[in-house]
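**Q** Got a structure here, written out as structure tokens. Questions coming.
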Amino acid sequence: MCGSAVLDKDGVSAAAIAGEMTSYLAAKNITLSQQLTAVYEEYGYHITKNSYFICHDQEVIRAMFDRLRHYGNQEDVSYPRQCGGVAITAVRDLTTGYDSSQADNKAVLPSSPSSQMITFSFSNGGVATMRTSGTEPKIKYYTELCAAPGNSDVKGLQKELDDLVNAIVEDFFQPQKNNLLSKPE
């Protein structure tokens, strides 16, 4: 969000800021693509892969997320410690209000027990959020990989993210077992 005046129009304000930035860069004879490359070189490449599964059965969805909260058939809360061979460094569960990255394990962001949402942070700079849609029968996932500055192997980074997403899909979503329908192509 680009400001605090109109919180529900973040796309509109972002478009205005993008227009302002485009004008500024054009005056310096810099393209948006060149500027993005400069940002990547300074801060590291950020790549994303997002999609969803369709599931009409709320009990399947509840069981899937409960399994992640009691991973390894634990009675106590126990989240996965790795996925696809990559260590999980933090878990934020906004359904329960848990956040392992906080000293008191309490989420800073608002929690809502009426919707499912878990975010996993990985040791390789990956982050994956799994959540249910509030309006559609979808279980969405948003993944990103933030590379260290200087790592410009975009194909290698994309493969690393693809491998992580494939592991998340197979290990966490279990689409065959849960009869989840993939996003239509």
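Here's how to read the names in the structure tokens: chain A, B, ... by the order shown, residue numbers from 1 in each chain, ligand numbers from 1 in the order shown.
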As an MDAnalysis selection string, which residues of stretch 4-141 of chain A does DSSP assign to alpha helix (DSSP H)?
**A** chainID A and resid 10:27 32:43 58:69
**Q** Measuring atom to atom with only C-alpha atoms, identify which of A:Leu161, A:Ala147, A:Gln102, A:Phe173 is nearest to A:Gly44.
**A**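 So, comparing all the options, the nearest one is A:Ala147.
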**Q** Using only C-alpha atoms, which protein or nucleic acid residues come within 7 Å of stretch 175-181 of chain A? Drop anything in the same chain fewer than 6 positions from it, and give the result as a PyMOL selection string.
**A** chain A and resi 53-55+60
**Q** Just write the chosen residues, N, CA and C atoms, as a compact mmCIF listing (two decimals), in the first residue's frame.
**A**
# COMPACT_ATOMS: atom_id res chain seq x y z
N PHE A 53 -6.12 -24.74 -5.43
CA PHE A 53 -6.87 -25.97 -5.65
C PHE A 53 -8.32 -25.69 -5.33
N ILE A 54 -9.21 -26.41 -5.98
CA ILE A 54 -10.63 -26.30 -5.70
C ILE A 54 -11.03 -27.46 -4.79
N CYS A 55 -11.78 -27.13 -3.73
CA CYS A 55 -12.28 -28.14 -2.81
C CYS A 55 -13.60 -27.66 -2.24
N VAL A 60 -12.65 -31.76 4.53
CA VAL A 60 -11.34 -32.07 3.94
C VAL A 60 -10.38 -30.92 4.19
**Q** Can you list, as an NGL selection string, every protein, DNA or RNA residue that comes within 10 Å of A:Ala148 when you count only C-alpha atoms, leaving out same-chain residues fewer than 2 positions away?
**A** :A and (40-46 or 124-125 or 145-146 or 150-152)
**Q** Based on the selection just made, write C-alpha atoms of those residues as a PDB file, in the first residue's frame.
**A**
ATOM      1  CA  TYR A  40      17.086  -6.918  -8.262  1.00  0.00           C
ATOM      2  CA  GLU A  41      20.855  -6.376  -8.372  1.00  0.00           C
ATOM      3  CA  GLU A  42      20.786  -4.289  -5.194  1.00  0.00           C
ATOM      4  CA  TYR A  43      18.236  -6.236  -3.134  1.00  0.00           C
ATOM      5  CA  GLY A  44      18.166  -9.689  -4.761  1.00  0.00           C
ATOM      6  CA  TYR A  45      15.796 -11.324  -7.207  1.00  0.00           C
ATOM      7  CA  HIS A  46      12.273 -11.967  -5.945  1.00  0.00           C
ATOM      8  CA  ASN A 124      16.575 -20.794   1.533  1.00  0.00           C
ATOM      9  CA  GLY A 125      14.645 -17.491   1.610  1.00  0.00           C
ATOM     10  CA  LEU A 145      11.814 -16.894  -3.158  1.00  0.00           C
ATOM     11  CA  CYS A 146      13.951 -13.913  -2.252  1.00  0.00           C
ATOM     12  CA  GLY A 150      24.313 -10.791  -6.308  1.00  0.00           C
ATOM     13  CA  ASN A 151      22.574 -14.082  -7.086  1.00  0.00           C
ATOM     14  CA  SER A 152      21.329 -13.417 -10.607  1.00  0.00           C
TER      15      SER A 152
END
**Q** Which value, in Å to one decimal, gives the distance between atom CA of A:Leu94 and atom CA of A:Gln158?
**A**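 The value is 27.8 Å.
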**Q** For a test of reading the model, state the distance in Å between atom CA of A:Thr143 and atom CA of A:Met130, rounded to one decimal.
**A**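 Taking atom CA of A:Thr143 and atom CA of A:Met130, their separation equals 8.8 Å.
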**Q** Counting only C-alpha atoms, which of A:Phe65, A:Tyr52, A:Tyr141, A:Tyr71 gets nearest to A:Gln116?
**A**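 Looking only at the distances to A:Gln116, the closest residue turns out to be A:Phe65.
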**Q** Just want the 12 Å neighbourhood of A:His70, counted on only C-alpha atoms, with same-chain residues fewer than 6 positions away dropped. Output as number ranges by chain.
**A** A: 63-64, 76-81, 172
**Q** May I ask for the distance between atom CA of A:Asn73 and atom CA of A:Glu170, given in Å to one decimal place?
**A** 17.3 Å
